[in-house]
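What follows is model-v9.cif (mmCIF, C-alpha atoms and all ligand atoms).
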```cif
data_my_file
#
loop_
_atom_site.group_PDB
_atom_site.id
_atom_site.type_symbol
_atom_site.label_atom_id
_atom_site.label_comp_id
_atom_site.auth_asym_id
_atom_site.auth_seq_id
_atom_site.Cartn_x
_atom_site.Cartn_y
_atom_site.Cartn_z
ATOM 1 C CA MET A 1 23.057 7.496 39.114
ATOM 2 C CA THR A 2 23.700 3.745 38.670
ATOM 3 C CA GLN A 3 24.076 2.925 34.973
ATOM 4 C CA THR A 4 22.290 -0.397 34.611
ATOM 5 C CA LEU A 5 21.514 -2.155 31.332
ATOM 6 C CA THR A 6 18.252 -1.128 29.698
ATOM 7 C CA ARG A 7 15.669 -3.896 29.342
ATOM 8 C CA GLY A 8 16.556 -4.206 25.653
ATOM 9 C CA GLN A 9 20.283 -4.425 26.384
ATOM 10 C CA ALA A 10 19.670 -7.033 29.089
ATOM 11 C CA ARG A 11 17.470 -9.074 26.721
ATOM 12 C CA ARG A 12 20.149 -9.075 24.018
ATOM 13 C CA PHE A 13 22.902 -9.871 26.542
ATOM 14 C CA TYR A 14 21.092 -12.902 28.004
ATOM 15 C CA ASP A 15 19.926 -14.080 24.586
ATOM 16 C CA ARG A 16 23.597 -14.229 23.597
ATOM 17 C CA LEU A 17 24.729 -15.740 26.897
ATOM 18 C CA GLY A 18 22.207 -18.594 26.794
ATOM 19 C CA ALA A 19 23.344 -21.792 28.516
ATOM 20 C CA PHE A 20 26.668 -20.182 29.526
ATOM 21 C CA GLN A 21 24.643 -18.554 32.334
ATOM 22 C CA ASP A 22 24.933 -21.864 34.203
ATOM 23 C CA ARG A 23 28.714 -21.351 34.496
ATOM 24 C CA GLN A 24 27.901 -18.873 37.286
ATOM 25 C CA ALA A 25 27.039 -21.896 39.426
ATOM 26 C CA PHE A 26 30.562 -21.821 40.907
ATOM 27 C CA TYR A 27 29.566 -18.891 43.112
ATOM 28 C CA GLU A 28 25.755 -18.980 42.923
ATOM 29 C CA ASP A 29 25.190 -22.519 44.190
ATOM 30 C CA LYS A 30 26.344 -21.935 47.760
ATOM 31 C CA ALA A 31 23.891 -19.023 48.104
ATOM 32 C CA LEU A 32 21.118 -21.041 46.459
ATOM 33 C CA ASP A 33 21.733 -23.845 48.974
ATOM 34 C CA VAL A 34 21.190 -21.322 51.785
ATOM 35 C CA LEU A 35 18.077 -19.944 50.087
ATOM 36 C CA ILE A 36 16.629 -23.437 49.732
ATOM 37 C CA GLU A 37 17.515 -24.322 53.322
ATOM 38 C CA HIS A 38 15.638 -21.298 54.716
ATOM 39 C CA GLY A 39 12.876 -20.775 52.137
ATOM 40 C CA LYS A 40 10.500 -23.457 53.556
ATOM 41 C CA PHE A 41 9.813 -24.736 50.054
ATOM 42 C CA SER A 42 8.258 -27.959 51.303
ATOM 43 C CA GLU A 43 5.310 -25.796 52.442
ATOM 44 C CA ALA A 44 4.876 -23.929 49.146
ATOM 45 C CA ASN A 45 2.156 -24.843 46.668
ATOM 46 C CA ARG A 46 2.306 -21.927 44.261
ATOM 47 C CA VAL A 47 5.685 -20.569 43.245
ATOM 48 C CA LEU A 48 6.574 -17.724 40.909
ATOM 49 C CA GLU A 49 10.125 -17.128 39.687
ATOM 50 C CA ILE A 50 11.145 -13.899 37.953
ATOM 51 C CA GLY A 51 14.236 -14.030 35.737
ATOM 52 C CA CYS A 52 14.393 -17.847 35.725
ATOM 53 C CA GLY A 53 17.316 -18.030 33.281
ATOM 54 C CA THR A 54 17.845 -21.601 32.081
ATOM 55 C CA GLY A 55 15.472 -22.990 34.723
ATOM 56 C CA ARG A 56 18.263 -24.515 36.788
ATOM 57 C CA LEU A 57 16.833 -23.576 40.189
ATOM 58 C CA ALA A 58 13.269 -24.363 39.109
ATOM 59 C CA ALA A 59 14.265 -27.906 38.112
ATOM 60 C CA ARG A 60 16.061 -28.423 41.401
ATOM 61 C CA LEU A 61 13.106 -27.182 43.464
ATOM 62 C CA LEU A 62 10.518 -29.165 41.497
ATOM 63 C CA SER A 63 12.603 -32.310 41.670
ATOM 64 C CA ASP A 64 13.748 -32.236 45.283
ATOM 65 C CA HIS A 65 12.128 -29.600 47.477
ATOM 66 C CA LEU A 66 8.558 -28.667 46.534
ATOM 67 C CA PRO A 67 5.489 -30.793 47.227
ATOM 68 C CA SER A 68 4.636 -32.981 44.210
ATOM 69 C CA SER A 69 1.426 -30.943 43.816
ATOM 70 C CA ALA A 70 3.180 -27.560 43.677
ATOM 71 C CA GLN A 71 2.619 -25.343 40.616
ATOM 72 C CA TYR A 72 5.544 -23.289 39.279
ATOM 73 C CA LEU A 73 5.380 -20.260 37.002
ATOM 74 C CA ALA A 74 8.765 -19.117 35.656
ATOM 75 C CA LEU A 75 9.163 -15.781 33.853
ATOM 76 C CA ASP A 76 11.998 -14.341 31.817
ATOM 77 C CA GLN A 77 12.312 -11.566 29.272
ATOM 78 C CA SER A 78 14.941 -13.362 27.151
ATOM 79 C CA PRO A 79 13.432 -15.650 24.466
ATOM 80 C CA ARG A 80 16.614 -17.778 24.518
ATOM 81 C CA MET A 81 16.389 -18.276 28.277
ATOM 82 C CA VAL A 82 12.675 -19.087 28.046
ATOM 83 C CA SER A 83 13.401 -21.716 25.413
ATOM 84 C CA LEU A 84 16.211 -23.272 27.521
ATOM 85 C CA ALA A 85 14.032 -23.265 30.641
ATOM 86 C CA GLN A 86 11.135 -24.848 28.753
ATOM 87 C CA GLN A 87 13.401 -27.677 27.595
ATOM 88 C CA ARG A 88 14.791 -28.195 31.084
ATOM 89 C CA LEU A 89 11.363 -28.156 32.734
ATOM 90 C CA GLU A 90 9.754 -30.468 30.176
ATOM 91 C CA PRO A 91 9.753 -33.395 32.682
ATOM 92 C CA PHE A 92 7.629 -31.200 34.980
ATOM 93 C CA ARG A 93 5.296 -29.882 32.261
ATOM 94 C CA GLU A 94 2.160 -30.776 34.263
ATOM 95 C CA ARG A 95 3.280 -28.445 37.062
ATOM 96 C CA ALA A 96 5.618 -25.911 35.519
ATOM 97 C CA GLU A 97 5.009 -23.185 32.967
ATOM 98 C CA VAL A 98 7.647 -20.858 31.496
ATOM 99 C CA ARG A 99 6.480 -17.526 30.072
ATOM 100 C CA LEU A 100 8.206 -14.805 28.105
ATOM 101 C CA THR A 101 7.639 -11.295 29.457
ATOM 102 C CA ASP A 102 8.295 -7.851 28.013
ATOM 103 C CA GLY A 103 10.622 -7.080 30.934
ATOM 104 C CA GLY A 104 7.870 -5.341 32.876
ATOM 105 C CA PHE A 105 6.371 -6.567 36.111
ATOM 106 C CA ASN A 106 2.762 -7.073 35.219
ATOM 107 C CA LEU A 107 2.516 -10.073 37.533
ATOM 108 C CA PRO A 108 -0.627 -12.015 38.342
ATOM 109 C CA THR A 109 -2.020 -10.426 41.509
ATOM 110 C CA ALA A 110 -3.469 -12.154 44.523
ATOM 111 C CA ALA A 111 -6.778 -10.507 43.554
ATOM 112 C CA ASP A 112 -6.698 -12.286 40.131
ATOM 113 C CA GLY A 113 -6.857 -15.701 41.750
ATOM 114 C CA GLU A 114 -4.738 -17.708 44.117
ATOM 115 C CA PRO A 115 -1.764 -15.783 45.479
ATOM 116 C CA PHE A 116 1.758 -17.194 45.378
ATOM 117 C CA ASP A 117 3.400 -18.751 48.439
ATOM 118 C CA ARG A 118 6.894 -17.949 47.200
ATOM 119 C CA VAL A 119 8.298 -15.474 44.709
ATOM 120 C CA ILE A 120 11.906 -16.240 43.778
ATOM 121 C CA THR A 121 14.393 -13.766 42.341
ATOM 122 C CA THR A 122 17.975 -14.964 41.978
ATOM 123 C CA TYR A 123 20.683 -12.772 40.460
ATOM 124 C CA VAL A 124 18.089 -10.658 38.686
ATOM 125 C CA LEU A 125 17.172 -7.761 41.014
ATOM 126 C CA ASP A 126 20.871 -6.906 41.067
ATOM 127 C CA LEU A 127 20.782 -6.118 37.349
ATOM 128 C CA LEU A 128 17.627 -4.001 37.365
ATOM 129 C CA SER A 129 17.590 -0.213 37.657
ATOM 130 C CA ASP A 130 16.629 1.125 41.079
ATOM 131 C CA ASP A 131 13.214 2.125 39.675
ATOM 132 C CA ASP A 132 12.667 -1.356 38.242
ATOM 133 C CA ILE A 133 13.668 -2.980 41.541
ATOM 134 C CA ARG A 134 10.974 -0.904 43.276
ATOM 135 C CA ALA A 135 8.424 -1.683 40.552
ATOM 136 C CA CYS A 136 9.274 -5.382 40.746
ATOM 137 C CA LEU A 137 8.991 -5.504 44.536
ATOM 138 C CA ALA A 138 5.641 -3.667 44.455
ATOM 139 C CA ALA A 139 4.340 -6.232 41.964
ATOM 140 C CA VAL A 140 5.744 -9.102 44.049
ATOM 141 C CA ARG A 141 3.942 -7.722 47.080
ATOM 142 C CA GLY A 142 0.697 -7.809 45.093
ATOM 143 C CA ALA A 143 1.319 -11.378 43.945
ATOM 144 C CA LEU A 144 2.230 -12.915 47.314
ATOM 145 C CA SER A 145 -0.119 -14.243 49.964
ATOM 146 C CA ALA A 146 0.062 -12.450 53.347
ATOM 147 C CA ALA A 147 2.248 -15.254 54.688
ATOM 148 C CA GLY A 148 4.124 -15.610 51.404
ATOM 149 C CA LEU A 149 7.860 -15.135 51.085
ATOM 150 C CA LEU A 150 10.092 -13.265 48.707
ATOM 151 C CA CYS A 151 13.192 -15.466 48.334
ATOM 152 C CA ASN A 152 16.099 -13.528 46.844
ATOM 153 C CA ALA A 153 19.757 -14.199 46.183
ATOM 154 C CA GLY A 154 22.004 -11.739 44.413
ATOM 155 C CA LEU A 155 25.377 -10.099 44.455
ATOM 156 C CA GLY A 156 26.228 -8.546 47.813
ATOM 157 C CA TYR A 157 28.992 -6.467 49.339
ATOM 158 C CA GLY A 158 32.014 -8.404 50.538
ATOM 159 C CA SER A 159 32.953 -7.823 54.142
ATOM 160 C CA GLY A 160 36.520 -8.910 54.614
ATOM 161 C CA GLY A 161 39.774 -9.852 52.897
ATOM 162 C CA LEU A 162 39.626 -10.961 49.296
ATOM 163 C CA ALA A 163 35.819 -10.607 49.210
ATOM 164 C CA VAL A 164 36.163 -6.816 49.662
ATOM 165 C CA VAL A 165 38.767 -6.652 46.899
ATOM 166 C CA LEU A 166 36.525 -8.665 44.576
ATOM 167 C CA THR A 167 33.520 -6.425 45.358
ATOM 168 C CA THR A 168 35.574 -3.336 44.528
ATOM 169 C CA LEU A 169 36.830 -4.886 41.282
ATOM 170 C CA TRP A 170 33.289 -5.963 40.346
ATOM 171 C CA GLN A 171 31.953 -2.441 40.987
ATOM 172 C CA SER A 172 34.745 -0.902 38.916
ATOM 173 C CA ALA A 173 34.032 -3.248 36.007
ATOM 174 C CA PHE A 174 30.303 -2.485 36.274
ATOM 175 C CA ARG A 175 30.940 1.277 36.243
ATOM 176 C CA LEU A 176 33.330 0.980 33.324
ATOM 177 C CA ASN A 177 30.841 -0.969 31.222
ATOM 178 C CA SER A 178 27.863 -2.756 32.778
ATOM 179 C CA HIS A 179 27.979 -5.402 30.008
ATOM 180 C CA LEU A 180 31.226 -6.680 31.593
ATOM 181 C CA THR A 181 29.278 -7.958 34.614
ATOM 182 C CA GLY A 182 26.112 -9.013 32.776
ATOM 183 C CA GLY A 183 24.531 -5.836 34.144
ATOM 184 C CA CYS A 184 24.857 -7.099 37.727
ATOM 185 C CA ARG A 185 26.264 -5.027 40.609
ATOM 186 C CA PRO A 186 26.427 -5.634 44.369
ATOM 187 C CA LEU A 187 23.209 -4.683 46.122
ATOM 188 C CA GLU A 188 22.003 -4.344 49.681
ATOM 189 C CA LEU A 189 18.401 -5.354 49.143
ATOM 190 C CA GLU A 190 17.199 -4.182 52.561
ATOM 191 C CA ASN A 191 17.510 -0.606 51.216
ATOM 192 C CA PHE A 192 14.531 -1.430 48.999
ATOM 193 C CA LEU A 193 12.519 -3.354 51.582
ATOM 194 C CA GLU A 194 11.460 -0.582 53.996
ATOM 195 C CA ASP A 195 7.843 -1.777 54.085
ATOM 196 C CA TRP A 196 8.680 -5.503 54.184
ATOM 197 C CA GLN A 197 9.653 -7.670 57.070
ATOM 198 C CA VAL A 198 13.037 -9.263 56.455
ATOM 199 C CA VAL A 199 12.922 -12.639 58.168
ATOM 200 C CA TYR A 200 16.320 -13.944 57.078
ATOM 201 C CA ARG A 201 19.472 -12.354 55.697
ATOM 202 C CA ARG A 202 22.940 -13.767 55.203
ATOM 203 C CA LEU A 203 26.036 -12.957 53.207
ATOM 204 C CA VAL A 204 27.500 -16.028 51.536
ATOM 205 C CA VAL A 205 30.999 -16.030 50.070
ATOM 206 C CA SER A 206 31.996 -18.516 47.406
ATOM 207 C CA ALA A 207 35.192 -18.250 45.331
ATOM 208 C CA ALA A 208 35.650 -14.833 47.018
ATOM 209 C CA ILE A 209 32.408 -13.566 45.413
ATOM 210 C CA THR A 210 29.829 -12.379 47.938
ATOM 211 C CA SER A 211 26.132 -13.107 47.540
ATOM 212 C CA GLU A 212 23.345 -11.747 49.689
ATOM 213 C CA VAL A 213 20.465 -14.062 50.560
ATOM 214 C CA VAL A 214 17.317 -12.299 51.718
ATOM 215 C CA ILE A 215 13.953 -13.791 52.636
ATOM 216 C CA ALA A 216 11.186 -11.300 53.362
ATOM 217 C CA THR A 217 7.460 -11.258 53.855
ATOM 218 C CA PRO A 218 4.945 -8.525 53.134
ATOM 219 C CA GLY A 219 2.784 -9.884 55.957
ATOM 220 C CA ILE A 220 2.974 -10.782 59.606
ATOM 221 C CA ASP A 221 5.975 -12.259 61.419
ATOM 222 C CA GLN A 222 6.281 -15.962 60.576
ATOM 223 C CA GLY A 223 8.401 -16.688 63.624
ATOM 224 C CA PHE A 224 11.751 -16.697 61.843
ATOM 225 C CA ASN A 225 14.732 -15.874 63.997
ATOM 226 C CA ALA A 226 17.622 -16.985 61.857
ATOM 227 C CA ARG A 227 19.101 -13.577 60.971
HETATM 228 C C1 LIG B 301 22.018 -13.270 35.831
HETATM 229 S S1 LIG B 301 20.715 -14.138 35.071
HETATM 230 C C2 LIG B 301 20.141 -15.147 36.416
HETATM 231 C C3 LIG B 301 19.327 -16.312 35.944
HETATM 232 C C4 LIG B 301 18.862 -17.252 37.061
HETATM 233 N N1 LIG B 301 17.949 -16.610 37.967
HETATM 234 C C5 LIG B 301 20.052 -17.798 37.807
HETATM 235 O O1 LIG B 301 20.252 -17.458 38.984
HETATM 236 O O2 LIG B 301 20.811 -18.573 37.193
HETATM 237 C C6 LIG B 301 19.435 -12.929 34.966
HETATM 238 C C7 LIG B 301 18.185 -13.426 34.266
HETATM 239 O O3 LIG B 301 17.166 -12.445 34.448
HETATM 240 C C8 LIG B 301 16.533 -12.200 33.195
HETATM 241 N N2 LIG B 301 16.012 -10.826 33.238
HETATM 242 C C9 LIG B 301 16.708 -9.675 33.193
HETATM 243 N N3 LIG B 301 15.877 -8.629 33.294
HETATM 244 C C10 LIG B 301 14.627 -9.132 33.417
HETATM 245 C C11 LIG B 301 13.326 -8.561 33.537
HETATM 246 N N4 LIG B 301 13.151 -7.232 33.550
HETATM 247 N N5 LIG B 301 12.262 -9.380 33.628
HETATM 248 C C12 LIG B 301 12.430 -10.738 33.577
HETATM 249 N N6 LIG B 301 13.633 -11.336 33.456
HETATM 250 C C13 LIG B 301 14.708 -10.539 33.372
HETATM 251 C C14 LIG B 301 17.622 -12.439 32.167
HETATM 252 O O4 LIG B 301 17.095 -12.684 30.888
HETATM 253 C C15 LIG B 301 18.351 -13.627 32.766
HETATM 254 O O5 LIG B 301 17.781 -14.833 32.380
#
```

This structure in structure tokens:
Amino acid sequence: MTQTLTRGQARRFYDRLGAFQDRQAFYEDKALDVLIEHGKFSEANRVLEIGCGTGRLAARLLSDHLPSSAQYLALDQSPRMVSLAQQRLEPFRERAEVRLTDGGFNLPTAADGEPFDRVITTYVLDLLSDDDIRACLAAVRGALSAAGLLCNAGLGYGSGGLAVVLTTLWQSAFRLNSHLTGGCRPLELENFLEDWQVVYRRLVVSAAITSEVVIATPGIDQGFNAR
């Protein structure tokens, strides 16, 4: 069985990591560019992000990609990350809220009010246990509108040259002690998306580290053909 960090271990790890999380930008940013390019954010009015970290992506989306009327709810289970994200999103306080969670996935459901147009998960599903990934995706399904999109980026499996070597090294480090990789391991998200429609998937390699970008909808085909 995959030995992921417990919720408590992950909270303590990311509380300690704090703003150093943003140093992962050297490999994350290329995948986030792809996610933004294909996530149709200019059409999104209600956005939920799970595991927002320091709020780096939220600030970018609110500043440059979402409609000026869009509302953003960012969740994280690390008090330190929530505090950093709140500071970063202060200029958008009318539209953005950052909330601390207990690490569970008790998300607002579509039935509670307006559903979300986008739910964003970046480099967070890849640190959850398999059971938590399933629980999270079930909750995301309940929170999204029928035409809404799950927009995910996370560690993927390298498929050639140095990227394969790096994937193998990453997996070994994770197996040795999952704290070494911040709890993250390569994931093929489609294995968890049997009842979703994946509308876009791409592997992105940056600094020999492979990320997987996946966009999926719980509803009908939105006419994507960019796989
Ligand atoms: C690797 S960081 C990624 C942060 C950010 N999404 C990014 O790409 O820079 C993972 C984040 O997920 C948060 N996290 C981990 N488990 C979580 C859970 N069960 N619920 C909410 N947030 C969680 C951590 O506190 C941390 O901020």

At a cut-off of 8 Å, can you tabulate as a Markdown table every residue of chain A near ligand LIG 301 (chain B) together with its closest atom pair and the distance in Å to one decimal, using all atoms listed in the file and ordering rows by chain then number?
```
| residue | atom | partner | partner_atom | distance |
| --- | --- | --- | --- | --- |
| A:Arg7 | CA | B:LIG301 | N4 | 5.9 |
| A:Ala10 | CA | B:LIG301 | C9 | 5.7 |
| A:Arg11 | CA | B:LIG301 | O4 | 5.5 |
| A:Phe13 | CA | B:LIG301 | O4 | 7.8 |
| A:Tyr14 | CA | B:LIG301 | O4 | 4.9 |
| A:Asp15 | CA | B:LIG301 | O4 | 7.0 |
| A:Gln21 | CA | B:LIG301 | O2 | 6.2 |
| A:Asp22 | CA | B:LIG301 | O2 | 6.1 |
| A:Gln24 | CA | B:LIG301 | O2 | 7.1 |
| A:Ala25 | CA | B:LIG301 | O2 | 7.4 |
| A:Glu28 | CA | B:LIG301 | O1 | 6.9 |
| A:Ile50 | CA | B:LIG301 | C12 | 5.5 |
| A:Gly51 | CA | B:LIG301 | O3 | 3.6 |
| A:Cys52 | CA | B:LIG301 | N1 | 4.4 |
| A:Gly53 | CA | B:LIG301 | O5 | 3.4 |
| A:Thr54 | CA | B:LIG301 | O2 | 6.6 |
| A:Gly55 | CA | B:LIG301 | C4 | 7.1 |
| A:Arg56 | CA | B:LIG301 | O2 | 6.5 |
| A:Leu57 | CA | B:LIG301 | C5 | 7.0 |
| A:Leu75 | CA | B:LIG301 | C12 | 6.0 |
| A:Asp76 | CA | B:LIG301 | N6 | 3.8 |
| A:Gln77 | CA | B:LIG301 | C12 | 4.4 |
| A:Ser78 | CA | B:LIG301 | O4 | 4.4 |
| A:Pro79 | CA | B:LIG301 | O4 | 8.0 |
| A:Met81 | CA | B:LIG301 | O5 | 5.5 |
| A:Val82 | CA | B:LIG301 | O5 | 7.9 |
| A:Thr101 | CA | B:LIG301 | C12 | 6.3 |
| A:Asp102 | CA | B:LIG301 | N5 | 7.0 |
| A:Gly103 | CA | B:LIG301 | N4 | 3.6 |
| A:Gly104 | CA | B:LIG301 | N4 | 5.6 |
| A:Phe105 | CA | B:LIG301 | N5 | 7.0 |
| A:Thr121 | CA | B:LIG301 | N1 | 6.3 |
| A:Thr122 | CA | B:LIG301 | N1 | 4.3 |
| A:Tyr123 | CA | B:LIG301 | C2 | 4.7 |
| A:Val124 | CA | B:LIG301 | C6 | 4.6 |
| A:Leu125 | CA | B:LIG301 | N3 | 7.9 |
| A:Leu127 | CA | B:LIG301 | C9 | 6.8 |
| A:Leu128 | CA | B:LIG301 | N3 | 6.4 |
| A:Asp132 | CA | B:LIG301 | N4 | 7.5 |
| A:Ala153 | CA | B:LIG301 | O1 | 7.9 |
| A:Gly182 | CA | B:LIG301 | C1 | 6.6 |
| A:Cys184 | CA | B:LIG301 | C1 | 7.1 |
```

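Taking all atoms listed in the file, the non-local environment of Arg201 (chain A) within 12 Å (same-chain residues fewer than 2 positions away omitted) comprises Ala31, Val34, Leu35, His38, Gly39, Leu150, Cys151, Asn152, Ala153, Gly154, Gly156, Glu188, Leu189, Glu190, Gln197, Val198, Val199, Leu203, Val204, Ser211, Glu212, Val213, Val214, Ile215, Ala216, Phe224, Asn225, Ala226 and Arg227 of chain A.
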
Emit the selected residues as a CSV table (one decimal), in the frame of the given file, including C-alpha atoms.
```csv
chain,number,residue,atom,x,y,z
A,31,ALA,CA,23.9,-19.0,48.1
A,34,VAL,CA,21.2,-21.3,51.8
A,35,LEU,CA,18.1,-19.9,50.1
A,38,HIS,CA,15.6,-21.3,54.7
A,39,GLY,CA,12.9,-20.8,52.1
A,150,LEU,CA,10.1,-13.3,48.7
A,151,CYS,CA,13.2,-15.5,48.3
A,152,ASN,CA,16.1,-13.5,46.8
A,153,ALA,CA,19.8,-14.2,46.2
A,154,GLY,CA,22.0,-11.7,44.4
A,156,GLY,CA,26.2,-8.5,47.8
A,188,GLU,CA,22.0,-4.3,49.7
A,189,LEU,CA,18.4,-5.4,49.1
A,190,GLU,CA,17.2,-4.2,52.6
A,197,GLN,CA,9.7,-7.7,57.1
A,198,VAL,CA,13.0,-9.3,56.5
A,199,VAL,CA,12.9,-12.6,58.2
A,203,LEU,CA,26.0,-13.0,53.2
A,204,VAL,CA,27.5,-16.0,51.5
A,211,SER,CA,26.1,-13.1,47.5
A,212,GLU,CA,23.3,-11.7,49.7
A,213,VAL,CA,20.5,-14.1,50.6
A,214,VAL,CA,17.3,-12.3,51.7
A,215,ILE,CA,14.0,-13.8,52.6
A,216,ALA,CA,11.2,-11.3,53.4
A,224,PHE,CA,11.8,-16.7,61.8
A,225,ASN,CA,14.7,-15.9,64.0
A,226,ALA,CA,17.6,-17.0,61.9
A,227,ARG,CA,19.1,-13.6,61.0
```

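You will find CA of Leu61 (chain A) at 26.8 Å from CA of Tyr157 (chain A).
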
Checklist outcome for this item: Restricting to all atoms listed in the file, whichever of A:Ala96, A:Val119, A:Ile209, A:Leu137 is closest to Phe41 (chain A) is A:Val119

Next on the checklist: Residue by residue, what does the PyMOL selection byres (((chain A and resi 62) around 12) and not hetatm) grab here? Present the result as a ChimeraX atom specification.
Outcome noted: /A:36,41-42,44-47,55-61,63-74,88-97

Checklist entry - Could you list as a ChimeraX atom specification every residue that has an atom within 9 Å of (33.7, -10.3, 52.2), using the file's coordinates and counting all atoms listed in the file? => result /A:156-167,203-205,208-210

Next on the checklist: To one decimal place in Å, what is the distance between CA of Thr6 (chain A) and CA of Glu194 (chain A)?
Outcome noted: 25.2 Å

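Of the residues under consideration (A:Ser206, A:Arg12, A:Pro218, A:Arg80), A:Ser206 shows the shortest atom-to-atom contact distance to Phe26 (chain A) when counting only C-alpha atoms.
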
For region 14-20 of chain A, where the input has fewer atoms than it should, I would like all heavy atoms rebuilt and written as a JSON list (two decimals), keeping the file's coordinate frame.
```json
[["chain", "number", "residue", "atom", "x", "y", "z"],
["A", 14, "TYR", "N", 21.41, -11.54, 27.52],
["A", 14, "TYR", "CA", 21.09, -12.90, 28.00],
["A", 14, "TYR", "C", 20.67, -13.83, 26.87],
["A", 14, "TYR", "O", 20.85, -15.05, 26.97],
["A", 14, "TYR", "CB", 20.09, -12.85, 29.16],
["A", 14, "TYR", "CG", 20.83, -12.37, 30.40],
["A", 14, "TYR", "CD1", 20.77, -11.04, 30.80],
["A", 14, "TYR", "CD2", 21.66, -13.23, 31.10],
["A", 14, "TYR", "CE1", 21.51, -10.59, 31.89],
["A", 14, "TYR", "CE2", 22.40, -12.79, 32.18],
["A", 14, "TYR", "CZ", 22.33, -11.48, 32.58],
["A", 14, "TYR", "OH", 23.08, -11.04, 33.64],
["A", 15, "ASP", "N", 20.16, -13.25, 25.79],
["A", 15, "ASP", "CA", 19.93, -14.08, 24.59],
["A", 15, "ASP", "C", 21.25, -14.63, 24.06],
["A", 15, "ASP", "O", 21.34, -15.78, 23.66],
["A", 15, "ASP", "CB", 19.25, -13.25, 23.49],
["A", 15, "ASP", "CG", 17.72, -13.29, 23.59],
["A", 15, "ASP", "OD1", 17.19, -14.11, 24.35],
["A", 15, "ASP", "OD2", 17.08, -12.49, 22.91],
["A", 16, "ARG", "N", 22.28, -13.78, 24.07],
["A", 16, "ARG", "CA", 23.60, -14.23, 23.60],
["A", 16, "ARG", "C", 24.24, -15.19, 24.59],
["A", 16, "ARG", "O", 24.87, -16.17, 24.22],
["A", 16, "ARG", "CB", 24.53, -13.03, 23.39],
["A", 16, "ARG", "CG", 24.30, -12.29, 22.08],
["A", 16, "ARG", "CD", 25.49, -11.38, 21.75],
["A", 16, "ARG", "NE", 25.74, -10.41, 22.79],
["A", 16, "ARG", "CZ", 25.19, -9.19, 22.85],
["A", 16, "ARG", "NH1", 24.34, -8.82, 21.91],
["A", 16, "ARG", "NH2", 25.45, -8.37, 23.83],
["A", 17, "LEU", "N", 24.06, -14.91, 25.88],
["A", 17, "LEU", "CA", 24.73, -15.74, 26.90],
["A", 17, "LEU", "C", 24.17, -17.17, 26.92],
["A", 17, "LEU", "O", 24.91, -18.14, 27.03],
["A", 17, "LEU", "CB", 24.57, -15.09, 28.28],
["A", 17, "LEU", "CG", 25.38, -15.69, 29.40],
["A", 17, "LEU", "CD1", 26.88, -15.51, 29.15],
["A", 17, "LEU", "CD2", 25.00, -15.07, 30.75],
["A", 18, "GLY", "N", 22.86, -17.28, 26.84],
["A", 18, "GLY", "CA", 22.21, -18.59, 26.79],
["A", 18, "GLY", "C", 22.68, -19.52, 27.91],
["A", 18, "GLY", "O", 22.78, -19.13, 29.07],
["A", 19, "ALA", "N", 23.00, -20.76, 27.53],
["A", 19, "ALA", "CA", 23.34, -21.79, 28.52],
["A", 19, "ALA", "C", 24.62, -21.47, 29.29],
["A", 19, "ALA", "O", 24.88, -22.07, 30.35],
["A", 19, "ALA", "CB", 23.48, -23.14, 27.82],
["A", 20, "PHE", "N", 25.44, -20.55, 28.79],
["A", 20, "PHE", "CA", 26.67, -20.18, 29.53],
["A", 20, "PHE", "C", 26.33, -19.56, 30.88],
["A", 20, "PHE", "O", 27.17, -19.51, 31.77],
["A", 20, "PHE", "CB", 27.54, -19.21, 28.71],
["A", 20, "PHE", "CG", 28.30, -19.90, 27.62],
["A", 20, "PHE", "CD1", 27.84, -19.86, 26.31],
["A", 20, "PHE", "CD2", 29.46, -20.60, 27.90],
["A", 20, "PHE", "CE1", 28.53, -20.50, 25.30],
["A", 20, "PHE", "CE2", 30.17, -21.25, 26.89],
["A", 20, "PHE", "CZ", 29.69, -21.20, 25.58]]
```
